[in-house]
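Chemist: For reference, the file final-v8.cif (mmCIF, C-alpha atoms) is included below:
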```cif
data_final
loop_
_atom_site.label_atom_id
_atom_site.label_comp_id
_atom_site.auth_asym_id
_atom_site.auth_seq_id
_atom_site.Cartn_x
_atom_site.Cartn_y
_atom_site.Cartn_z
CA MET L 1 11.03 -31.23 -5.44
CA ILE L 2 8.67 -29.45 -3.08
CA ALA L 3 5.24 -30.99 -2.47
CA PHE L 4 2.05 -28.97 -2.86
CA ASP L 5 -1.62 -29.39 -3.74
CA PHE L 6 -2.41 -26.68 -6.32
CA ALA L 7 -6.20 -26.81 -5.84
CA GLN L 8 -5.87 -26.54 -2.07
CA LEU L 9 -3.35 -23.71 -2.16
CA ARG L 10 -5.33 -21.85 -4.81
CA LEU L 11 -7.76 -21.00 -2.00
CA ILE L 12 -5.02 -18.80 -0.52
CA GLY L 13 -3.90 -17.23 -3.80
CA LEU L 14 -1.59 -19.73 -5.49
CA GLN L 15 -1.13 -18.97 -9.19
CA GLN L 16 0.76 -20.68 -11.99
CA ALA L 17 3.69 -18.26 -11.91
CA ILE L 18 4.25 -18.85 -8.20
CA ALA L 19 3.79 -22.61 -8.55
CA GLY L 20 6.39 -22.64 -11.34
CA ALA L 21 8.85 -20.71 -9.18
CA ALA L 22 8.22 -23.09 -6.28
CA THR L 23 9.32 -26.08 -8.36
CA GLN L 24 12.70 -24.37 -8.78
CA LEU L 25 13.29 -23.95 -5.04
CA ASP L 26 16.52 -25.51 -3.82
CA VAL L 27 14.96 -27.67 -1.09
CA SER L 28 16.65 -31.00 -0.58
CA SER L 29 14.14 -32.58 1.81
CA PRO L 30 11.26 -34.52 0.23
CA ALA L 31 9.13 -33.60 3.25
CA ALA L 32 9.18 -29.86 2.48
CA GLN L 33 5.78 -28.27 1.79
CA LEU L 34 4.67 -25.02 0.15
CA MET L 35 2.65 -22.69 2.40
CA ARG L 36 1.83 -18.98 2.66
CA VAL L 37 2.56 -16.52 5.46
CA SER L 38 -0.79 -15.48 6.92
CA ALA L 39 0.32 -13.36 9.90
CA VAL L 40 3.56 -12.00 11.33
CA HIS L 41 3.71 -10.95 14.97
CA ARG L 42 6.65 -9.71 17.00
CA ASP L 43 7.44 -13.14 18.40
CA SER L 44 5.57 -15.54 16.11
CA ILE L 45 4.73 -16.38 12.50
CA LEU L 46 1.57 -18.07 11.23
CA VAL L 47 1.52 -19.96 7.92
CA HIS L 48 -1.45 -21.34 5.99
CA ASP L 49 -1.70 -24.57 4.00
CA GLY L 50 -5.00 -23.69 2.30
CA ILE L 51 -7.07 -25.35 5.02
CA LEU L 52 -5.56 -24.45 8.39
CA GLU L 53 -3.14 -22.01 9.97
CA HIS L 54 -0.02 -23.31 11.74
CA PRO L 55 2.60 -21.63 13.94
CA ALA L 56 6.07 -21.75 12.42
CA GLN L 57 9.61 -20.65 13.18
CA LEU L 58 12.23 -19.18 10.88
CA LEU L 59 15.49 -21.09 10.44
CA PRO L 60 18.40 -18.91 11.65
CA CYS L 61 20.22 -19.31 8.34
CA LEU L 62 17.18 -18.04 6.41
CA LEU L 63 16.75 -15.15 8.84
CA HIS L 64 20.39 -14.18 8.26
CA GLU L 65 19.87 -14.39 4.49
CA LEU L 66 16.78 -12.15 4.64
CA LEU L 67 18.51 -9.60 6.87
CA THR L 68 21.43 -9.53 4.45
CA GLN L 69 18.93 -8.65 1.72
CA ASN L 70 17.44 -5.97 4.00
CA THR L 71 14.03 -7.65 4.05
CA LEU L 72 11.81 -9.66 6.37
CA LEU L 73 8.91 -12.06 5.91
CA THR L 74 5.55 -10.39 5.49
CA VAL L 75 1.95 -11.46 5.02
CA GLY L 76 1.42 -12.90 1.53
CA ASP L 77 4.90 -14.38 1.14
CA TRP L 78 5.18 -17.96 -0.12
CA ILE L 79 7.59 -20.17 1.78
CA ALA L 80 8.83 -23.76 2.04
CA VAL L 81 8.31 -25.40 5.43
CA GLU L 82 9.20 -28.70 7.07
CA HIS L 83 8.43 -30.40 10.42
CA ASP L 84 11.30 -31.53 12.60
CA LEU L 85 11.28 -34.68 14.74
CA HIS L 86 9.53 -32.80 17.57
CA GLY L 87 6.69 -31.55 15.35
CA THR L 88 7.94 -27.95 15.13
CA LEU L 89 7.32 -26.36 11.74
CA TRP L 90 10.39 -24.60 10.35
CA ILE L 91 10.48 -22.12 7.45
CA ARG L 92 13.36 -23.28 5.24
CA ALA L 93 13.09 -21.14 2.09
CA HIS L 94 11.39 -18.02 0.75
CA LEU L 95 10.08 -17.34 -2.75
CA SER L 96 10.83 -13.91 -4.21
CA PRO L 97 7.50 -12.03 -4.35
CA VAL L 98 5.84 -11.19 -7.65
CA THR L 99 4.53 -7.89 -6.25
CA GLN L 100 5.15 -5.99 -3.02
CA ILE L 101 3.28 -3.00 -1.61
CA ALA L 102 5.58 -1.00 0.62
CA ARG L 103 5.80 2.39 2.27
CA ARG L 104 8.66 4.60 3.39
CA GLY L 105 8.83 5.93 6.92
CA ASN L 106 9.89 9.45 7.82
CA ASP L 107 13.43 8.12 8.20
CA GLY L 108 13.37 6.70 4.66
CA ARG L 109 13.25 3.07 5.75
CA ARG L 110 11.19 0.70 3.63
CA GLN L 111 8.35 -1.26 5.25
CA VAL L 112 6.64 -3.99 3.21
CA LEU L 113 2.88 -4.09 3.84
CA ALA L 114 1.90 -7.12 1.74
CA SER L 115 3.38 -9.46 -0.86
CA ASN L 116 2.01 -11.21 -3.97
CA VAL L 117 -1.08 -9.00 -4.25
CA ASP L 118 -3.26 -8.72 -7.36
CA THR L 119 -5.69 -5.98 -6.32
CA ALA L 120 -5.65 -3.26 -3.66
CA LEU L 121 -9.00 -2.15 -2.25
CA LEU L 122 -8.44 1.45 -1.15
CA VAL L 123 -11.06 2.01 1.54
CA MET L 124 -12.06 5.56 2.49
CA GLY L 125 -15.07 6.69 4.48
CA LEU L 126 -17.51 9.23 3.08
CA ASP L 127 -17.72 10.82 6.54
CA GLU L 128 -14.93 12.84 8.20
CA ASP L 129 -12.44 10.29 6.80
CA PHE L 130 -12.99 11.70 3.27
CA ASN L 131 -9.62 13.01 2.07
CA PRO L 132 -8.85 13.05 -1.69
CA ARG L 133 -5.18 13.92 -1.12
CA ARG L 134 -4.62 10.86 1.06
CA LEU L 135 -6.42 8.69 -1.48
CA GLU L 136 -4.08 9.95 -4.21
CA ARG L 137 -1.15 8.98 -1.99
CA TYR L 138 -2.56 5.46 -1.65
CA LEU L 139 -3.05 5.29 -5.41
CA ALA L 140 0.53 6.36 -6.08
CA ILE L 141 1.91 3.69 -3.77
CA VAL L 142 -0.26 0.93 -5.25
CA LEU L 143 0.36 1.84 -8.90
CA ALA L 144 4.10 2.12 -8.24
CA ALA L 145 3.94 -1.50 -7.03
CA GLN L 146 2.14 -2.50 -10.28
CA VAL L 147 -0.94 -3.59 -8.34
CA SER L 148 -4.44 -2.81 -9.65
CA PRO L 149 -6.36 -0.35 -7.44
CA VAL L 150 -10.10 -0.28 -6.69
CA VAL L 151 -11.48 2.62 -4.63
CA VAL L 152 -14.15 1.61 -2.11
CA LEU L 153 -15.98 4.51 -0.46
CA SER L 154 -17.57 3.22 2.73
CA LYS L 155 -20.43 4.51 4.91
CA ALA L 156 -22.50 5.45 1.88
CA ASP L 157 -25.61 4.81 3.98
CA ALA L 158 -24.86 7.48 6.57
CA ALA L 159 -22.69 10.15 4.93
CA ASP L 160 -23.79 13.53 3.59
CA ASP L 161 -23.49 14.64 -0.04
CA VAL L 162 -22.45 11.22 -1.36
CA GLY L 163 -23.16 12.25 -4.94
CA GLY L 164 -21.05 15.39 -4.67
CA LYS L 165 -18.08 13.53 -3.20
CA LEU L 166 -18.29 10.86 -5.89
CA ALA L 167 -18.37 13.53 -8.60
CA GLN L 168 -15.34 15.24 -7.03
CA LEU L 169 -13.27 12.03 -7.09
CA LYS L 170 -14.37 11.08 -10.63
CA HIS L 171 -13.17 14.48 -11.83
CA ARG L 172 -9.92 14.26 -9.88
CA LEU L 173 -8.75 10.63 -10.12
CA PRO L 174 -7.55 8.76 -13.24
CA GLN L 175 -10.50 7.45 -15.25
CA HIS L 176 -9.18 3.87 -15.33
CA VAL L 177 -9.51 3.48 -11.52
CA PRO L 178 -12.83 1.80 -10.52
CA LEU L 179 -14.76 3.76 -7.89
CA PHE L 180 -17.68 2.47 -5.76
CA ALA L 181 -19.70 3.82 -2.85
CA VAL L 182 -21.02 1.03 -0.60
CA ASP L 183 -22.23 0.10 2.86
CA THR L 184 -19.50 -2.36 3.83
CA ARG L 185 -21.75 -4.19 6.31
CA HIS L 186 -24.15 -5.62 3.70
CA ALA L 187 -23.35 -8.42 1.25
CA TYR L 188 -25.76 -7.13 -1.40
CA ASP L 189 -23.86 -3.82 -1.46
CA VAL L 190 -20.33 -5.25 -1.69
CA ALA L 191 -21.36 -7.81 -4.33
CA ILE L 192 -20.26 -5.18 -6.83
CA LEU L 193 -16.67 -6.21 -5.99
CA GLU L 194 -17.15 -9.82 -7.21
CA PRO L 195 -15.15 -9.31 -10.46
CA TRP L 196 -12.01 -8.97 -8.31
CA LEU L 197 -12.79 -11.94 -6.06
CA ALA L 198 -12.15 -14.85 -8.44
CA ALA L 199 -10.41 -18.00 -7.22
CA GLY L 200 -6.67 -17.57 -6.79
CA GLN L 201 -6.86 -13.78 -6.43
CA THR L 202 -5.23 -11.94 -3.52
CA LEU L 203 -6.54 -8.57 -2.41
CA VAL L 204 -5.19 -6.16 0.20
CA LEU L 205 -7.25 -3.57 2.08
CA LEU L 206 -5.60 -0.20 2.65
CA GLY L 207 -7.05 2.82 4.42
CA SER L 208 -7.09 4.79 7.64
CA SER L 209 -8.40 3.55 10.98
CA GLY L 210 -12.18 3.49 11.15
CA ALA L 211 -12.60 3.56 7.36
CA GLY L 212 -14.40 0.20 7.36
CA LYS L 213 -11.67 -2.24 6.31
CA SER L 214 -12.49 -4.83 8.97
CA SER L 215 -16.22 -4.53 8.26
CA LEU L 216 -15.53 -5.11 4.57
CA THR L 217 -13.35 -8.14 5.37
CA ASN L 218 -16.09 -9.56 7.59
CA THR L 219 -18.68 -9.16 4.83
CA LEU L 220 -16.57 -10.54 1.99
CA CYS L 221 -15.02 -13.42 3.94
CA ALA L 222 -17.61 -14.11 6.64
CA ALA L 223 -14.82 -13.35 9.13
CA ASN L 224 -15.36 -12.38 12.74
CA GLN L 225 -12.95 -9.50 13.19
CA ALA L 226 -13.85 -6.96 15.84
CA THR L 227 -14.96 -3.55 14.56
CA ASN L 228 -14.98 -0.15 16.24
CA GLY L 229 -16.61 3.15 15.46
CA VAL L 230 -14.94 6.53 15.19
CA ARG L 231 -14.29 9.08 17.91
CA HIS L 232 -16.92 11.73 18.42
CA GLY L 233 -15.80 15.22 17.56
CA ASP L 234 -13.04 14.61 15.01
CA GLY L 235 -14.23 11.43 13.27
CA ARG L 236 -10.81 9.81 13.70
CA GLY L 237 -10.88 6.03 13.70
CA ARG L 238 -9.94 3.73 16.51
CA HIS L 239 -7.40 1.01 15.62
CA THR L 240 -9.36 -2.25 15.27
CA THR L 241 -6.86 -4.29 13.26
CA THR L 242 -3.45 -4.26 14.94
CA ALA L 243 -1.57 -6.59 12.58
CA ARG L 244 -1.81 -7.65 8.94
CA SER L 245 -3.65 -10.93 8.44
CA LEU L 246 -4.84 -13.22 5.63
CA HIS L 247 -8.52 -14.20 5.30
CA LEU L 248 -10.18 -16.68 2.93
CA CYS L 249 -13.33 -15.83 0.96
CA ALA L 250 -15.97 -18.36 -0.02
CA GLY L 251 -15.45 -17.76 -3.74
CA GLY L 252 -11.77 -18.74 -3.65
CA ALA L 253 -10.10 -15.34 -3.27
CA CYS L 254 -8.22 -14.23 -0.16
CA ILE L 255 -7.93 -10.83 1.50
CA ILE L 256 -5.08 -9.26 3.49
CA ASP L 257 -6.43 -6.81 6.06
CA THR L 258 -4.05 -4.16 7.38
CA PRO L 259 -3.94 -1.73 10.31
CA GLY L 260 -4.96 1.84 9.61
CA LEU L 261 -2.27 4.12 8.19
CA ARG L 262 -2.83 7.85 8.37
CA SER L 263 0.38 9.11 6.76
CA TRP L 264 2.92 7.30 4.63
CA GLN L 265 5.31 8.00 1.78
CA ALA L 266 5.41 6.23 -1.54
CA ASP L 267 8.08 3.57 -2.08
CA ALA L 268 8.90 4.92 -5.52
CA ASP L 269 11.41 7.15 -7.25
CA ALA L 270 10.36 10.42 -8.85
CA ASP L 271 9.97 8.95 -12.37
CA THR L 272 7.79 6.04 -11.20
CA LEU L 273 5.69 8.36 -9.05
CA ALA L 274 5.20 10.82 -11.90
CA ALA L 275 3.95 7.99 -14.10
CA THR L 276 1.15 7.25 -11.63
CA PHE L 277 -0.25 10.74 -12.28
CA ASP L 278 -0.72 9.89 -15.94
CA ASP L 279 -3.13 12.77 -16.62
CA ILE L 280 -0.50 15.31 -15.53
CA ALA L 281 2.23 13.49 -17.47
CA GLU L 282 0.12 13.52 -20.66
CA LEU L 283 -0.67 17.22 -20.38
CA ALA L 284 2.93 18.06 -19.47
CA SER L 285 4.10 16.69 -22.83
CA THR L 286 2.37 19.66 -24.51
CA CYS L 287 3.79 22.37 -22.22
CA GLN L 288 5.80 25.10 -23.94
CA PHE L 289 8.93 24.25 -21.95
CA ARG L 290 10.26 20.72 -21.58
CA ASP L 291 11.28 21.31 -17.94
CA CYS L 292 8.04 23.08 -17.01
CA GLN L 293 7.31 22.84 -13.26
CA HIS L 294 3.63 23.83 -13.78
CA ALA L 295 4.05 26.77 -11.41
CA SER L 296 4.17 30.15 -13.19
CA GLU L 297 5.80 29.32 -16.52
CA PRO L 298 4.14 30.66 -19.69
CA GLY L 299 2.60 28.09 -22.01
CA CYS L 300 1.90 25.55 -19.24
CA ALA L 301 -0.74 23.01 -20.34
CA VAL L 302 -1.23 21.55 -16.85
CA ARG L 303 -2.31 24.56 -14.77
CA GLY L 304 -6.01 25.12 -15.17
CA ALA L 305 -6.60 21.69 -16.69
CA VAL L 306 -5.81 19.76 -13.48
CA ASP L 307 -7.46 20.28 -10.11
CA GLY L 308 -5.24 22.72 -8.20
CA ASP L 309 -5.14 20.66 -5.03
CA ARG L 310 -4.28 17.53 -7.01
CA LEU L 311 -1.38 19.38 -8.64
CA ARG L 312 -0.09 20.58 -5.25
CA ASN L 313 -0.34 17.02 -3.90
CA TYR L 314 1.59 15.77 -6.93
CA HIS L 315 4.41 18.22 -6.24
CA LYS L 316 4.50 17.25 -2.57
CA LEU L 317 4.74 13.53 -3.39
CA LEU L 318 7.56 14.24 -5.85
CA ARG L 319 9.46 16.20 -3.19
CA ASP L 320 9.02 13.30 -0.75
CA ALA L 321 10.31 10.82 -3.35
CA ARG L 322 13.35 12.96 -4.16
CA ARG L 323 14.19 13.37 -0.47
CA ILE L 324 14.19 9.59 -0.06
CA ASP L 325 16.65 9.24 -2.95
CA GLU L 326 19.00 11.91 -1.56
CA THR L 327 22.26 10.93 0.08
CA PRO L 328 23.04 12.37 3.55
CA LEU L 329 25.50 14.84 1.95
CA GLU L 330 22.85 15.98 -0.54
CA ARG L 331 20.39 16.57 2.31
CA ILE L 332 22.95 18.69 4.16
CA ALA L 333 23.65 20.66 0.99
CA ALA L 334 19.92 21.21 0.38
CA ARG L 335 19.39 22.47 3.95
CA ALA L 336 22.35 24.84 3.59
CA LYS L 337 20.99 26.14 0.30
CA TRP L 338 17.57 26.93 1.77
CA LYS L 339 19.11 28.53 4.85
CA THR L 340 21.07 30.84 2.52
CA ILE L 341 17.94 31.66 0.51
CA LEU L 342 15.93 32.35 3.68
CA LYS L 343 18.67 34.54 5.14
CA ALA L 344 18.91 36.55 1.91
CA GLY L 345 15.13 37.02 1.92
CA LEU L 346 15.18 38.30 5.50
CA GLU L 347 17.97 40.74 4.66
CA ARG L 348 16.02 42.11 1.67
CA GLY L 349 13.00 42.56 3.94
CA LYS L 350 15.10 44.57 6.41
CA ASP L 351 16.46 46.77 3.62
CA LYS L 352 12.93 47.57 2.42
CA ARG L 353 11.83 48.60 5.90
CA ARG L 354 14.73 51.03 6.34
#
```
Could you render the structure from this file as structure tokens?

Modeler:
Amino acid sequence: MIAFDFAQLRLIGLQQAIAGAATQLDVSSPAAQLMRVSAVHRDSILVHDGILEHPAQLLPCLLHELLTQNTLLTVGDWIAVEHDLHGTLWIRAHLSPVTQIARRGNDGRRQVLASNVDTALLVMGLDEDFNPRRLERYLAIVLAAQVSPVVVLSKADAADDVGGKLAQLKHRLPQHVPLFAVDTRHAYDVAILEPWLAAGQTLVLLGSSGAGKSSLTNTLCAANQATNGVRHGDGRGRHTTTARSLHLCAGGACIIDTPGLRSWQADADADTLAATFDDIAELASTCQFRDCQHASEPGCAVRGAVDGDRLRNYHKLLRDARRIDETPLERIAARAKWKTILKAGLERGKDKRR
């Protein structure tokens, strides 16, 4: 039986489902304790007991087990730890996460960003950072992980045409997604997020560099993370947060801050991704043709009813998801097919010019 103090660990997101799973861990030592991974660096791991952070090391046998499963520890994971005779804290066991937010790299590899998350705060600046297509990509990734999204538009105090940008997103995004414009530096502004900050809740902040994630973490958790501005000229953010980290809020919630991510692919198959664009899926059910691609087919119920750029972004995300699912042979076949199509098109062009 693993030892843990529910009230103490609730400050870092412990919930009944996780506590129940922890009691089933196969840990023989009575000295084992339940803790949560609060930071993972290249050569070190930090774990949290609800009061303090501690450095810890991963047992080689557990590392081998995780590598066999093609996974690694990430911030938000719950683990069983035990001190040895020399005072070193060893991670002995790992609880399977309830939720995981992950992305796919250009090579198709999966990278977990955070585990056991209840709510994702999608932070986007109302300045040059404003990009509805990127926000839709964030939404697709979060909804595919079955995590509730909340859109936080930062820099509302300094941006131009705040009302117009809000109206654009309300028209474009699913109606069930909460949307707020705030100044992340002021507590009275971010107090609107309190419904998602109840005790035992875990939130993750996602957004590009310079969007205001660290400022929001500082305000909500009274943290002291460094913050940077954006570059003059292009408005691109400077990387302030360089690694994911767990922060405690006064009200009992905890927040995982993440480094800025400018481009990433959804960790979802085509069917799951399509379900995250529920407005398109609902309209598509009334198209004249069951396999309508919403391009030029007659009787399409989607074209004209959905923002054109949103529809193009939807198609791009679907193509990305299908490429991830392709085998190497299927990719080779697809490239050969398009080379043939392109060559035929060039030949037709030559014939017309003769």

Chemist: Give the answer as one residue: which of L:Leu311, L:Ala114, L:Ile51, L:Leu273 has the shortest atom-to-atom distance to Ile141 (chain L), using all atoms listed in the file?

Modeler: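 Of the candidates, the smallest distance to Ile141 (chain L) is held by L:Leu273.
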
Chemist: Tell me which protein, DNA and RNA residues are within 8 Å of Ala198 (chain L), counting only C-alpha atoms, leaving out same-chain ones fewer than 2 positions away, and put them as a list in words.

Modeler: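 The residues that qualify are Glu194, Pro195, Trp196, Gly200, Gln201, Gly251, Gly252 and Ala253 of chain L.
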
Chemist: Store the residues picked out above in a file with C-alpha atoms, as an mmCIF file, in the coordinates of the input.

Modeler:
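Written file, again25.cif:
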```
data_model
loop_
_atom_site.group_PDB
_atom_site.id
_atom_site.type_symbol
_atom_site.label_atom_id
_atom_site.label_comp_id
_atom_site.auth_asym_id
_atom_site.auth_seq_id
_atom_site.Cartn_x
_atom_site.Cartn_y
_atom_site.Cartn_z
ATOM 1 C CA GLU L 194 -17.150 -9.820 -7.210
ATOM 2 C CA PRO L 195 -15.150 -9.310 -10.460
ATOM 3 C CA TRP L 196 -12.010 -8.970 -8.310
ATOM 4 C CA GLY L 200 -6.670 -17.570 -6.790
ATOM 5 C CA GLN L 201 -6.860 -13.780 -6.430
ATOM 6 C CA GLY L 251 -15.450 -17.760 -3.740
ATOM 7 C CA GLY L 252 -11.770 -18.740 -3.650
ATOM 8 C CA ALA L 253 -10.100 -15.340 -3.270
#
```

Chemist: Selected by the PyMOL selection byres ((chain L and resi 190) around 10) in the shown coordinates: which residues, as a ChimeraX atom specification?

Modeler: /L:152,154,180-189,191-194,216,219-220

Chemist: Which protein, DNA or RNA residues have an atom at most 12 Å from (1.9, 12.4, -12.5), counting all atoms listed in the file? List them as an mmCIF file with C-alpha atoms, keeping the file's coordinate frame.

Modeler:
```
data_model
loop_
_atom_site.group_PDB
_atom_site.id
_atom_site.type_symbol
_atom_site.label_atom_id
_atom_site.label_comp_id
_atom_site.auth_asym_id
_atom_site.auth_seq_id
_atom_site.Cartn_x
_atom_site.Cartn_y
_atom_site.Cartn_z
ATOM 1 C CA GLU L 136 -4.080 9.950 -4.210
ATOM 2 C CA ARG L 137 -1.150 8.980 -1.990
ATOM 3 C CA LEU L 139 -3.050 5.290 -5.410
ATOM 4 C CA ALA L 140 0.530 6.360 -6.080
ATOM 5 C CA LEU L 143 0.360 1.840 -8.900
ATOM 6 C CA ALA L 144 4.100 2.120 -8.240
ATOM 7 C CA LEU L 173 -8.750 10.630 -10.120
ATOM 8 C CA PRO L 174 -7.550 8.760 -13.240
ATOM 9 C CA ALA L 270 10.360 10.420 -8.850
ATOM 10 C CA ASP L 271 9.970 8.950 -12.370
ATOM 11 C CA THR L 272 7.790 6.040 -11.200
ATOM 12 C CA LEU L 273 5.690 8.360 -9.050
ATOM 13 C CA ALA L 274 5.200 10.820 -11.900
ATOM 14 C CA ALA L 275 3.950 7.990 -14.100
ATOM 15 C CA THR L 276 1.150 7.250 -11.630
ATOM 16 C CA PHE L 277 -0.250 10.740 -12.280
ATOM 17 C CA ASP L 278 -0.720 9.890 -15.940
ATOM 18 C CA ASP L 279 -3.130 12.770 -16.620
ATOM 19 C CA ILE L 280 -0.500 15.310 -15.530
ATOM 20 C CA ALA L 281 2.230 13.490 -17.470
ATOM 21 C CA GLU L 282 0.120 13.520 -20.660
ATOM 22 C CA LEU L 283 -0.670 17.220 -20.380
ATOM 23 C CA ALA L 284 2.930 18.060 -19.470
ATOM 24 C CA SER L 285 4.100 16.690 -22.830
ATOM 25 C CA GLN L 293 7.310 22.840 -13.260
ATOM 26 C CA HIS L 294 3.630 23.830 -13.780
ATOM 27 C CA VAL L 302 -1.230 21.550 -16.850
ATOM 28 C CA VAL L 306 -5.810 19.760 -13.480
ATOM 29 C CA ARG L 310 -4.280 17.530 -7.010
ATOM 30 C CA LEU L 311 -1.380 19.380 -8.640
ATOM 31 C CA ARG L 312 -0.090 20.580 -5.250
ATOM 32 C CA ASN L 313 -0.340 17.020 -3.900
ATOM 33 C CA TYR L 314 1.590 15.770 -6.930
ATOM 34 C CA HIS L 315 4.410 18.220 -6.240
ATOM 35 C CA LYS L 316 4.500 17.250 -2.570
ATOM 36 C CA LEU L 317 4.740 13.530 -3.390
ATOM 37 C CA LEU L 318 7.560 14.240 -5.850
#
```

Chemist: Rank nothing, just name the residue among L:Asn70, L:Gln111, L:Ser208, L:Gln175 nearest to Tyr138 (chain L), using only C-alpha atoms.

Modeler: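 Smallest separation from Tyr138 (chain L) among the options: L:Ser208.
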
Chemist: Do you know which residues the PyMOL selection byres ((chain L and resi 115) around 7) returns on this file, as number ranges by chain?

Modeler: L: 74-77, 97, 99-101, 114, 116-117

Chemist: Pick from L:Leu203, L:Ala21, L:Val37, L:Leu169: nearest to Ser148 (chain L), with only C-alpha atoms counted?

Modeler: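 Result for the nearest residue to Ser148 (chain L): L:Leu203.
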
Chemist: Please determine, counting all atoms listed in the file, which residue among L:Ser28, L:Ser38, L:Gln16, L:Ser214 has the shortest atom-to-atom distance to Ala56 (chain L).

Modeler: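 For Ala56 (chain L), the nearest of the candidates is L:Ser38.
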
Chemist: For the atom pair CA of Pro30 (chain L) and CA of Val98 (chain L), what is the interatomic distance in Å to one decimal place?

Modeler: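 It comes out at 25.2 Å.
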
Chemist: Quick one: distance from CA of Gln8 (chain L) to CA of Ala250 (chain L) in Å, one decimal?

Modeler: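 These atoms are spaced 13.2 Å apart.
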
Chemist: For CA of Arg36 (chain L) and CA of His83 (chain L), quote the distance in Å rounded to one decimal.

Modeler: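 A separation of 15.3 Å between them.
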
Chemist: Nearest to Ala199 (chain L) among L:Met1, L:Ala120, L:Ala222, L:Ile12, with distances taken over all atoms listed in the file: which residue is it?

Modeler: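 Closest residue, counting all atoms listed in the file: L:Ile12.
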
Chemist: Using all atoms listed in the file, can you tell me which of L:Val204, L:Leu246, L:Ala17, L:Val112 comes closest to Val150 (chain L)?

Modeler: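 Closest to Val150 (chain L) of all the choices is L:Val204.
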
Chemist: Tell me which protein, DNA and RNA residues are within 9 Å of Leu205 (chain L), counting only C-alpha atoms, leaving out same-chain ones fewer than 2 positions away, and put them as JSON, numbers by chain.

Modeler: {"L": [119, 120, 121, 122, 123, 203, 207, 213, 214, 216, 217, 255, 256, 257, 258]}

Chemist: Determine, counting all atoms listed in the file, which protein, DNA and RNA residues have an atom within 12 Å of an atom of Gln57 (chain L); residues of the same chain fewer than 3 positions away are not included. Present the result as a list of chain:residue names.

Modeler: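 Non-adjacent residues within range: L:Val37, L:Val40, L:His41, L:Arg42, L:Asp43, L:Ser44, L:Ile45, L:Leu46, L:Val47, L:His54, L:Pro60, L:Cys61, L:Leu62, L:Leu63, L:Leu73, L:Ile79, L:Ala80, L:Val81, L:Glu82, L:His83, L:Asp84, L:Gly87, L:Thr88, L:Leu89, L:Trp90, L:Ile91, L:Arg92, L:Ala93.
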